[in-house]
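Novice: Quick one, start-v5.cif (mmCIF, C-alpha atoms and all ligand atoms):
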```
data_coords
loop_
_atom_site.label_atom_id
_atom_site.label_comp_id
_atom_site.auth_asym_id
_atom_site.auth_seq_id
_atom_site.Cartn_x
_atom_site.Cartn_y
_atom_site.Cartn_z
CA VAL A 19 -22.31 22.07 34.59
CA ARG A 20 -20.58 19.28 32.67
CA GLU A 21 -17.76 19.05 35.20
CA GLU A 22 -20.16 18.97 38.11
CA THR A 23 -22.04 16.11 36.52
CA SER A 24 -18.84 14.18 35.92
CA SER A 25 -17.58 14.50 39.48
CA ARG A 26 -20.95 13.64 40.91
CA LEU A 27 -20.90 10.44 38.88
CA GLY A 28 -17.34 9.78 40.02
CA LEU A 29 -15.96 10.05 36.47
CA ALA A 30 -12.68 11.72 35.67
CA ALA A 31 -13.05 14.77 33.47
CA PRO A 32 -12.48 13.65 29.85
CA ALA A 33 -8.80 14.13 29.05
CA PRO A 34 -8.12 16.26 25.96
CA VAL A 35 -6.21 13.36 24.39
CA MET A 36 -5.96 14.33 20.76
CA SER A 37 -6.64 18.02 20.81
CA GLN A 38 -3.30 18.80 22.41
CA GLU A 39 -1.23 16.79 19.94
CA VAL A 40 -3.08 16.85 16.66
CA ALA A 41 -3.24 20.03 14.65
CA THR A 42 -6.83 20.97 14.00
CA GLU A 43 -6.11 23.42 11.19
CA GLY A 44 -7.24 21.82 7.98
CA ARG A 45 -7.80 22.33 4.30
CA ILE A 46 -11.50 22.86 3.88
CA LEU A 47 -13.69 22.98 0.81
CA VAL A 48 -16.90 24.98 1.25
CA VAL A 49 -19.59 24.22 -1.34
CA GLU A 50 -22.21 26.95 -1.06
CA GLU A 51 -24.16 28.67 -3.83
CA SER A 52 -24.60 31.99 -2.09
CA THR A 53 -21.47 34.15 -2.00
CA ILE A 54 -22.63 35.93 1.14
CA ASP A 55 -23.29 32.67 3.01
CA ALA A 56 -19.92 31.31 1.87
CA GLU A 57 -18.16 34.45 3.16
CA ASN A 58 -19.98 34.11 6.45
CA ILE A 59 -18.72 30.52 6.84
CA VAL A 60 -15.16 31.59 6.04
CA ASN A 61 -15.43 34.35 8.64
CA ILE A 62 -16.63 31.97 11.32
CA LEU A 63 -13.90 29.41 10.62
CA LYS A 64 -10.92 31.67 10.08
CA VAL A 65 -10.15 31.95 13.81
CA ASP A 66 -8.94 28.34 13.67
CA ARG A 67 -6.45 29.15 10.89
CA HIS A 68 -7.83 26.67 8.35
CA SER A 69 -7.09 27.12 4.67
CA ILE A 70 -10.47 27.42 3.05
CA ALA A 71 -11.54 27.22 -0.58
CA THR A 72 -15.08 28.14 -1.54
CA ILE A 73 -16.90 26.95 -4.60
CA HIS A 74 -20.41 27.77 -5.77
CA SER A 75 -21.41 24.81 -7.94
CA THR A 76 -21.43 21.05 -7.54
CA GLU A 77 -19.53 20.49 -10.81
CA GLY A 78 -16.68 22.67 -9.61
CA ALA A 79 -16.86 20.94 -6.25
CA LEU A 80 -16.36 17.48 -7.72
CA GLN A 81 -13.31 18.70 -9.63
CA ALA A 82 -11.87 20.28 -6.49
CA VAL A 83 -12.51 17.11 -4.48
CA ASN A 84 -10.69 15.10 -7.19
CA SER A 85 -7.51 17.04 -6.45
CA ASN A 86 -7.50 15.18 -3.13
CA VAL A 87 -5.98 17.99 -1.09
CA PHE A 88 -8.89 18.57 1.31
CA ASP A 89 -9.42 17.35 4.86
CA LEU A 90 -13.10 18.27 4.97
CA ALA A 91 -15.94 19.24 2.65
CA ILE A 92 -18.66 21.49 4.01
CA ILE A 93 -21.66 21.12 1.72
CA SER A 94 -24.79 23.21 1.79
CA LEU A 95 -28.04 21.29 1.48
CA THR A 96 -29.55 24.37 -0.16
CA LEU A 97 -27.67 23.70 -3.39
CA MET A 98 -29.91 23.20 -6.40
CA GLU A 99 -32.52 20.52 -5.80
CA GLY A 100 -30.86 17.15 -5.16
CA ASP A 101 -27.38 18.34 -6.10
CA ALA A 102 -25.99 18.26 -2.57
CA LEU A 103 -26.99 14.64 -2.05
CA ARG A 104 -25.70 13.67 -5.47
CA LEU A 105 -22.35 15.30 -4.69
CA CYS A 106 -22.15 13.42 -1.37
CA SER A 107 -22.84 10.10 -3.06
CA GLN A 108 -20.28 10.85 -5.80
CA ILE A 109 -17.65 11.48 -3.13
CA ARG A 110 -18.58 8.33 -1.22
CA SER A 111 -18.35 6.18 -4.36
CA HIS A 112 -15.12 7.76 -5.64
CA VAL A 113 -12.44 5.39 -7.01
CA ASN A 114 -9.77 6.97 -4.80
CA GLU A 115 -10.01 5.65 -1.24
CA SER A 116 -8.71 8.89 0.25
CA VAL A 117 -11.40 10.92 -1.54
CA ARG A 118 -14.04 8.32 -0.67
CA SER A 119 -13.33 8.76 3.03
CA LEU A 120 -13.25 12.57 2.95
CA PRO A 121 -15.22 13.88 5.94
CA ILE A 122 -18.40 15.69 4.92
CA LEU A 123 -20.23 18.21 7.08
CA LEU A 124 -23.68 19.19 5.84
CA LEU A 125 -25.26 22.60 6.38
CA ALA A 126 -29.03 22.18 6.69
CA GLU A 127 -31.90 24.69 6.77
CA ASP A 128 -33.99 24.69 9.89
CA GLU A 129 -37.11 23.93 7.92
CA GLU A 130 -35.23 21.33 5.88
CA ASP A 131 -37.01 18.04 5.60
CA ILE A 132 -35.46 15.75 8.23
CA GLY A 133 -35.82 12.98 5.65
CA LYS A 134 -33.18 14.69 3.49
CA ILE A 135 -30.78 14.84 6.40
CA ALA A 136 -31.42 11.20 7.23
CA LYS A 137 -30.77 10.29 3.61
CA ALA A 138 -27.50 12.21 3.69
CA LEU A 139 -26.42 10.41 6.86
CA ASP A 140 -27.28 7.09 5.18
CA LEU A 141 -25.05 8.12 2.28
CA GLY A 142 -22.18 8.46 4.73
CA VAL A 143 -22.21 12.16 5.55
CA ASN A 144 -20.38 12.49 8.87
CA ASP A 145 -22.25 15.30 10.58
CA TYR A 146 -24.60 18.23 9.98
CA VAL A 147 -25.19 21.72 11.36
CA MET A 148 -28.48 23.60 11.32
CA ARG A 149 -28.81 27.18 10.12
CA PRO A 150 -28.72 29.82 11.42
CA LEU A 151 -25.11 28.92 12.10
CA GLU A 152 -23.85 29.12 15.68
CA ARG A 153 -20.20 30.19 15.49
CA GLN A 154 -18.91 27.99 18.30
CA GLU A 155 -20.87 24.96 17.21
CA LEU A 156 -19.67 25.14 13.61
CA GLN A 157 -16.08 25.71 14.71
CA ALA A 158 -16.17 22.75 17.09
CA ARG A 159 -17.82 20.36 14.63
CA VAL A 160 -15.25 21.30 11.99
CA ARG A 161 -12.36 20.74 14.41
CA THR A 162 -13.78 17.33 15.32
CA GLN A 163 -13.95 16.21 11.69
CA ILE A 164 -10.44 17.42 10.94
CA ARG A 165 -9.06 15.66 14.00
CA ARG A 166 -10.82 12.49 12.88
CA ARG A 167 -9.32 12.82 9.40
CA ARG A 168 -5.80 13.26 10.79
CA TYR A 169 -6.21 10.25 13.03
CA GLN A 170 -7.59 8.15 10.18
CA THR A 171 -4.71 9.17 7.86
CA ARG A 172 -2.17 8.22 10.50
CA LEU A 173 -3.83 4.85 11.10
CA ARG A 174 -3.81 4.09 7.40
CA ALA A 175 -0.13 5.02 7.06
CA ASN A 176 0.73 2.76 10.01
CA PHE A 177 -1.35 -0.02 8.54
CA GLU A 178 0.31 0.24 5.13
CA GLU A 179 3.73 0.28 6.76
CA SER A 180 2.93 -2.89 8.73
CA ILE A 181 1.73 -4.63 5.60
CA ALA A 182 4.92 -3.65 3.74
CA LEU A 183 7.11 -4.83 6.64
CA ALA A 184 5.27 -8.12 6.97
CA SER A 185 5.66 -8.96 3.28
CA THR A 186 9.24 -7.77 2.67
CA ASP A 187 12.62 -9.34 3.30
CA ALA A 188 14.48 -6.90 5.55
CA LEU A 189 17.95 -7.51 4.07
CA THR A 190 17.25 -7.32 0.35
CA GLY A 191 13.90 -5.52 0.10
CA VAL A 192 12.34 -8.19 -2.14
CA TYR A 193 9.21 -10.08 -1.03
CA ASN A 194 9.52 -12.76 1.61
CA ARG A 195 8.37 -16.38 1.77
CA ARG A 196 5.07 -15.50 3.44
CA TYR A 197 4.15 -13.06 0.70
CA LEU A 198 5.03 -15.59 -2.00
CA ASP A 199 2.93 -18.29 -0.32
CA VAL A 200 -0.09 -16.00 -0.16
CA HIS A 201 0.23 -14.53 -3.65
CA LEU A 202 1.49 -17.36 -5.83
CA ASP A 203 -1.82 -19.24 -5.67
CA GLN A 204 -3.65 -16.02 -6.54
CA MET A 205 -1.33 -15.39 -9.49
CA MET A 206 -1.94 -18.95 -10.71
CA ARG A 207 -5.70 -18.47 -10.53
CA ASN A 208 -5.35 -15.23 -12.51
CA ALA A 209 -3.20 -17.03 -15.10
CA ASN A 210 -5.81 -19.79 -15.41
CA ASP A 211 -8.67 -17.33 -15.77
CA ALA A 212 -6.76 -15.52 -18.52
CA ARG A 213 -5.63 -18.85 -20.06
CA LYS A 214 -2.03 -17.70 -19.87
CA PRO A 215 0.99 -19.72 -18.75
CA LEU A 216 2.87 -18.71 -15.60
CA SER A 217 6.49 -19.64 -14.98
CA VAL A 218 8.69 -19.71 -11.91
CA ALA A 219 12.46 -19.69 -11.65
CA PHE A 220 14.04 -21.12 -8.51
CA CYS A 221 17.48 -19.50 -8.05
CA ASP A 222 20.13 -20.69 -5.61
CA ILE A 223 23.60 -19.16 -5.19
CA ASP A 224 26.40 -21.67 -5.73
CA HIS A 225 28.72 -22.54 -2.84
CA PHE A 226 27.38 -19.74 -0.73
CA LYS A 227 28.39 -21.48 2.47
CA ARG A 228 32.02 -21.48 1.27
CA LEU A 229 31.78 -17.75 0.53
CA ASN A 230 30.42 -17.10 4.04
CA ASP A 231 33.05 -19.30 5.64
CA THR A 232 35.89 -17.65 3.74
CA TYR A 233 34.93 -13.96 3.83
CA GLY A 234 32.46 -13.78 6.70
CA HIS A 235 28.72 -13.43 7.10
CA ALA A 236 28.77 -9.68 6.39
CA ALA A 237 30.36 -10.32 3.00
CA GLY A 238 27.67 -12.92 2.35
CA ASP A 239 24.99 -10.37 3.19
CA GLU A 240 26.50 -7.85 0.76
CA VAL A 241 26.40 -10.48 -1.97
CA LEU A 242 22.72 -11.17 -1.21
CA VAL A 243 21.85 -7.46 -1.49
CA GLU A 244 23.74 -7.02 -4.76
CA PHE A 245 22.23 -10.25 -6.06
CA ALA A 246 18.69 -8.99 -5.36
CA ASN A 247 19.50 -5.65 -7.03
CA ARG A 248 20.73 -7.35 -10.18
CA MET A 249 17.60 -9.52 -10.24
CA ARG A 250 15.35 -6.46 -9.97
CA ARG A 251 17.19 -4.70 -12.77
CA SER A 252 16.96 -7.76 -15.02
CA LEU A 253 13.23 -8.39 -14.69
CA ARG A 254 9.97 -6.77 -15.71
CA HIS A 255 8.11 -4.79 -13.06
CA PHE A 256 5.25 -7.31 -12.94
CA ASP A 257 7.56 -10.26 -12.26
CA MET A 258 7.60 -11.05 -8.56
CA ILE A 259 10.88 -11.67 -6.72
CA ALA A 260 10.87 -13.35 -3.32
CA ARG A 261 13.65 -14.49 -1.03
CA ILE A 262 12.44 -17.79 0.38
CA GLY A 263 15.55 -18.99 2.18
CA GLY A 264 19.11 -17.95 3.00
CA GLU A 265 20.43 -17.76 -0.58
CA GLU A 266 17.35 -18.99 -2.39
CA PHE A 267 15.17 -16.69 -4.46
CA VAL A 268 12.06 -17.36 -6.52
CA VAL A 269 10.95 -15.34 -9.52
CA VAL A 270 7.32 -15.61 -10.60
CA MET A 271 6.68 -14.59 -14.20
CA PRO A 272 3.06 -14.05 -15.23
CA ASP A 273 2.08 -14.51 -18.88
CA THR A 274 5.34 -16.36 -19.56
CA GLY A 275 5.76 -19.74 -21.25
CA ILE A 276 8.69 -22.09 -20.77
CA ASP A 277 10.76 -20.80 -23.73
CA VAL A 278 10.76 -17.21 -22.54
CA ALA A 279 11.24 -18.29 -18.91
CA LEU A 280 14.37 -20.23 -19.91
CA LYS A 281 15.73 -17.18 -21.72
CA VAL A 282 15.05 -14.94 -18.71
CA ALA A 283 16.73 -17.46 -16.40
CA GLU A 284 19.73 -17.70 -18.68
CA ARG A 285 19.98 -13.90 -18.67
CA LEU A 286 19.88 -13.87 -14.86
CA ARG A 287 22.60 -16.49 -14.74
CA THR A 288 24.96 -14.60 -17.06
CA ARG A 289 24.30 -11.26 -15.28
CA MET A 290 25.77 -12.86 -12.16
CA GLU A 291 28.60 -14.75 -13.85
CA ASP A 292 29.80 -11.96 -16.16
CA ASP A 293 30.51 -9.32 -13.50
CA PRO A 294 32.18 -10.19 -10.22
CA PHE A 295 30.47 -8.85 -7.08
CA THR A 296 32.22 -6.05 -5.19
CA VAL A 297 32.32 -6.81 -1.48
CA THR A 298 33.75 -4.40 1.11
CA ALA A 299 36.12 -6.72 2.98
CA ALA A 300 36.92 -9.05 0.12
CA GLY A 301 37.17 -7.00 -3.08
CA GLU A 302 35.80 -8.63 -6.21
CA LEU A 303 34.23 -12.05 -5.89
CA PRO A 304 32.93 -14.33 -8.64
CA VAL A 305 29.34 -15.42 -7.89
CA THR A 306 27.33 -17.93 -9.87
CA ILE A 307 23.81 -19.29 -9.51
CA SER A 308 21.92 -22.43 -10.43
CA ILE A 309 18.35 -22.03 -11.65
CA GLY A 310 15.45 -24.43 -12.06
CA VAL A 311 12.52 -23.34 -14.22
CA ALA A 312 8.97 -24.72 -14.28
CA VAL A 313 5.78 -23.66 -16.04
CA SER A 314 2.22 -24.10 -14.77
CA ASP A 315 0.04 -26.71 -16.43
CA PRO A 316 -3.32 -25.50 -17.77
CA GLY A 317 -5.79 -25.70 -14.89
CA GLU A 318 -3.07 -26.14 -12.27
CA VAL A 319 -3.93 -24.21 -9.12
CA SER A 320 -1.36 -25.23 -6.50
CA GLY A 321 1.65 -22.95 -6.18
CA SER A 322 3.47 -25.43 -3.99
CA ASP A 323 3.49 -28.12 -6.73
CA LEU A 324 4.87 -25.63 -9.23
CA LEU A 325 7.57 -24.52 -6.79
CA ARG A 326 8.49 -28.12 -6.07
CA ARG A 327 9.03 -28.81 -9.80
CA ALA A 328 11.22 -25.70 -10.09
CA ASP A 329 13.15 -26.77 -6.97
CA GLU A 330 13.71 -30.23 -8.49
CA ALA A 331 14.95 -28.66 -11.72
CA MET A 332 17.31 -26.46 -9.66
CA TYR A 333 18.62 -29.57 -7.94
CA ARG A 334 19.39 -31.08 -11.37
CA ALA A 335 21.28 -27.90 -12.24
CA LYS A 336 23.39 -28.39 -9.10
CA GLN A 337 23.94 -32.07 -10.00
CA GLY A 338 24.92 -31.09 -13.52
CA GLY A 339 27.79 -28.96 -12.23
CA ARG A 340 26.14 -25.67 -11.02
CA ASN A 341 26.13 -22.28 -12.83
CA ARG A 342 23.45 -23.52 -15.20
CA VAL A 343 19.72 -23.49 -15.95
CA GLU A 344 17.52 -26.59 -16.06
CA ALA A 345 13.83 -27.11 -16.73
P1 LIG B 401 25.09 -25.11 -3.16
O1 LIG B 401 25.95 -24.68 -4.29
O2 LIG B 401 24.82 -26.58 -3.19
O3 LIG B 401 23.80 -24.34 -3.13
O4 LIG B 401 25.91 -24.86 -1.81
P2 LIG B 401 25.60 -23.73 -0.75
O5 LIG B 401 26.78 -23.61 0.11
O6 LIG B 401 25.20 -22.47 -1.46
O7 LIG B 401 24.31 -24.28 -0.02
P3 LIG B 401 24.01 -24.54 1.49
O8 LIG B 401 22.52 -24.73 1.54
O9 LIG B 401 24.86 -25.68 1.99
O10 LIG B 401 24.44 -23.25 2.27
C1 LIG B 401 23.69 -22.07 2.24
C2 LIG B 401 24.38 -21.12 3.18
O11 LIG B 401 23.73 -19.86 3.22
C3 LIG B 401 24.40 -21.60 4.60
C4 LIG B 401 24.17 -20.36 5.46
O12 LIG B 401 25.25 -20.11 6.30
C5 LIG B 401 24.06 -19.25 4.43
N1 LIG B 401 23.07 -18.25 4.79
C6 LIG B 401 21.74 -18.43 5.01
N2 LIG B 401 21.13 -17.26 5.28
C7 LIG B 401 22.08 -16.30 5.22
C8 LIG B 401 22.05 -14.87 5.40
O13 LIG B 401 21.03 -14.24 5.66
N3 LIG B 401 23.23 -14.21 5.24
C9 LIG B 401 24.39 -14.88 4.96
N4 LIG B 401 25.50 -14.16 4.84
N5 LIG B 401 24.42 -16.21 4.78
C10 LIG B 401 23.30 -16.92 4.91
MG MG B 402 21.45 -25.93 -0.21
MG MG B 403 23.35 -22.48 -2.51
MG MG B 404 20.28 -23.27 -0.83
#
```
Could you quickly redo this structure as structure tokens?
Specialist:
Amino acid sequence: VREETSSRLGLAAPAPVMSQEVATEGRILVVEESTIDAENIVNILKVDRHSIATIHSTEGALQAVNSNVFDLAIISLTLMEGDALRLCSQIRSHVNESVRSLPILLLAEDEEDIGKIAKALDLGVNDYVMRPLERQELQARVRTQIRRRRYQTRLRANFEESIALASTDALTGVYNRRYLDVHLDQMMRNANDARKPLSVAFCDIDHFKRLNDTYGHAAGDEVLVEFANRMRRSLRHFDMIARIGGEEFVVVMPDTGIDVALKVAERLRTRMEDDPFTVTAAGELPVTISIGVAVSDPGEVSGSDLLRRADEAMYRAKQGGRNRVEA
């Protein structure tokens, strides 16, 4: 009947786009008070090779949902008065985004107040099925939700990957200029709100052009990678490192005044000077850096002014003979 209608309207039959590629077996949590009803649901769904856990109380259900291993929750509206809706709203307001977006399929009684179903849909329940359960209908609605979940998970992974790529320097793995520009102002606002100082260190490798010219660009790249690794190892995890130019890196240090920032910068400087860099084609090379340090003024909100002061201090370090720290 459906096909006839489609061809009469001149529409192509809907292509089974996802169903061929995306596995529709899922991990399902069934929340149903009655053991017999729960068994019936498992029986209906087992032809699709899902892994199914059943649970008979809402407290147990919330714990199970917390484990974040499920692709779908099937919740019976016949649970103790109000409990089903409360469980749905607890899932939808969960701190974990992946739990919060867990598909929910509601099982409703025929005589169930339609108002309750409407309320559940308003809470963000994805779909519902009326009892008595029709095997094919339940199976199909479950497959649809699981397919949706898979698709959603893949989209999110792609999205997170794009964000990471767009904010990272491909060679060294530290943040890039764009990320720094976006986040430095935010970090300064946070520092102001908390009435804490924030320092930046502007680091520039000395005579890097000479190194490139003598040993080649590939050797220069190896030095940049090792340089970034040493920086990472020398800093706290909440300090931000960004590569903002060829051989120029910026470190942003929250909750750090000028005295500590100078000590950190001095440590970075000696970590480079004390151990020569090992480069494939060139063997061991001495590498030094010049660093300019600046601290935010109370109430200061512009990251670019702060960076400019650090850059100017770095320039003085170069003028003063390189391989040194200036503020
Ligand atoms: P100074 O001590 O005054 O900082 O001298 P310098 O040679 O380090 O500074 P300059 O700014 O003159 O040269 C920086 C060099 O960095 C020039 C460029 O060839 C090199 N460079 C920029 N990006 C890259 C990169 O991604 N890889 C490599 N290997 N070299 C790069
Ligand atoms: Mg330069
Ligand atoms: Mg340089
Ligand atoms: Mg430079």
Novice: Which residues form the shell of 7 Å around ligand LIG 401 (chain B) when you count only C-alpha atoms and all ligand atoms, given as a ChimeraX atom specification?
Specialist: /A:222-228,230,235-239,263-265,336,340
Novice: From the set A:Glu43, A:Asp211, A:Asp55, A:Asp231, which residue has the shortest atom-to-atom contact distance to Pro150 of chain A, counting all atoms listed in the file?
Specialist: A:Asp55
Novice: If we count all atoms listed in the file and set the cut-off at 9 Å, which residues sit around Glu330 of chain A, ignoring sequence neighbours fewer than 5 positions away in its own chain? Please answer as a list in words.
Specialist: Gly310, Leu325, Ala335 and Ala345 of chain A
Novice: Please measure the separation of atom CA of Gly78 of chain A and atom CA of Arg118 of chain A, giving the value in Å to one decimal.
Specialist: 17.1 Å
Novice: Which is closest to Tyr233 of chain A among A:Asn208, A:Val282, A:Leu253, A:Thr298, if we use only C-alpha atoms?
Specialist: A:Thr298
Novice: Hey, can you check how far atom CA of Asp292 of chain A sits from atom CA of Glu244 of chain A?
Specialist: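 So the answer is 13.8 Å.
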Novice: Applying 12 Å and only C-alpha atoms, which residues near Ala136 of chain A remain after dropping the ones on its own chain fewer than 3 positions away? List them as a PDB file with C-alpha atoms, keeping the file's coordinate frame.
Specialist:
```pdb
ATOM      1  CA  LEU A 103     -26.990  14.640  -2.050  1.00  0.00           C
ATOM      2  CA  LEU A 124     -23.680  19.190   5.840  1.00  0.00           C
ATOM      3  CA  ALA A 126     -29.030  22.180   6.690  1.00  0.00           C
ATOM      4  CA  GLU A 130     -35.230  21.330   5.880  1.00  0.00           C
ATOM      5  CA  ASP A 131     -37.010  18.040   5.600  1.00  0.00           C
ATOM      6  CA  ILE A 132     -35.460  15.750   8.230  1.00  0.00           C
ATOM      7  CA  GLY A 133     -35.820  12.980   5.650  1.00  0.00           C
ATOM      8  CA  LEU A 139     -26.420  10.410   6.860  1.00  0.00           C
ATOM      9  CA  ASP A 140     -27.280   7.090   5.180  1.00  0.00           C
ATOM     10  CA  LEU A 141     -25.050   8.120   2.280  1.00  0.00           C
ATOM     11  CA  GLY A 142     -22.180   8.460   4.730  1.00  0.00           C
ATOM     12  CA  VAL A 143     -22.210  12.160   5.550  1.00  0.00           C
ATOM     13  CA  ASN A 144     -20.380  12.490   8.870  1.00  0.00           C
ATOM     14  CA  ASP A 145     -22.250  15.300  10.580  1.00  0.00           C
ATOM     15  CA  TYR A 146     -24.600  18.230   9.980  1.00  0.00           C
TER      16      TYR A 146
END
```
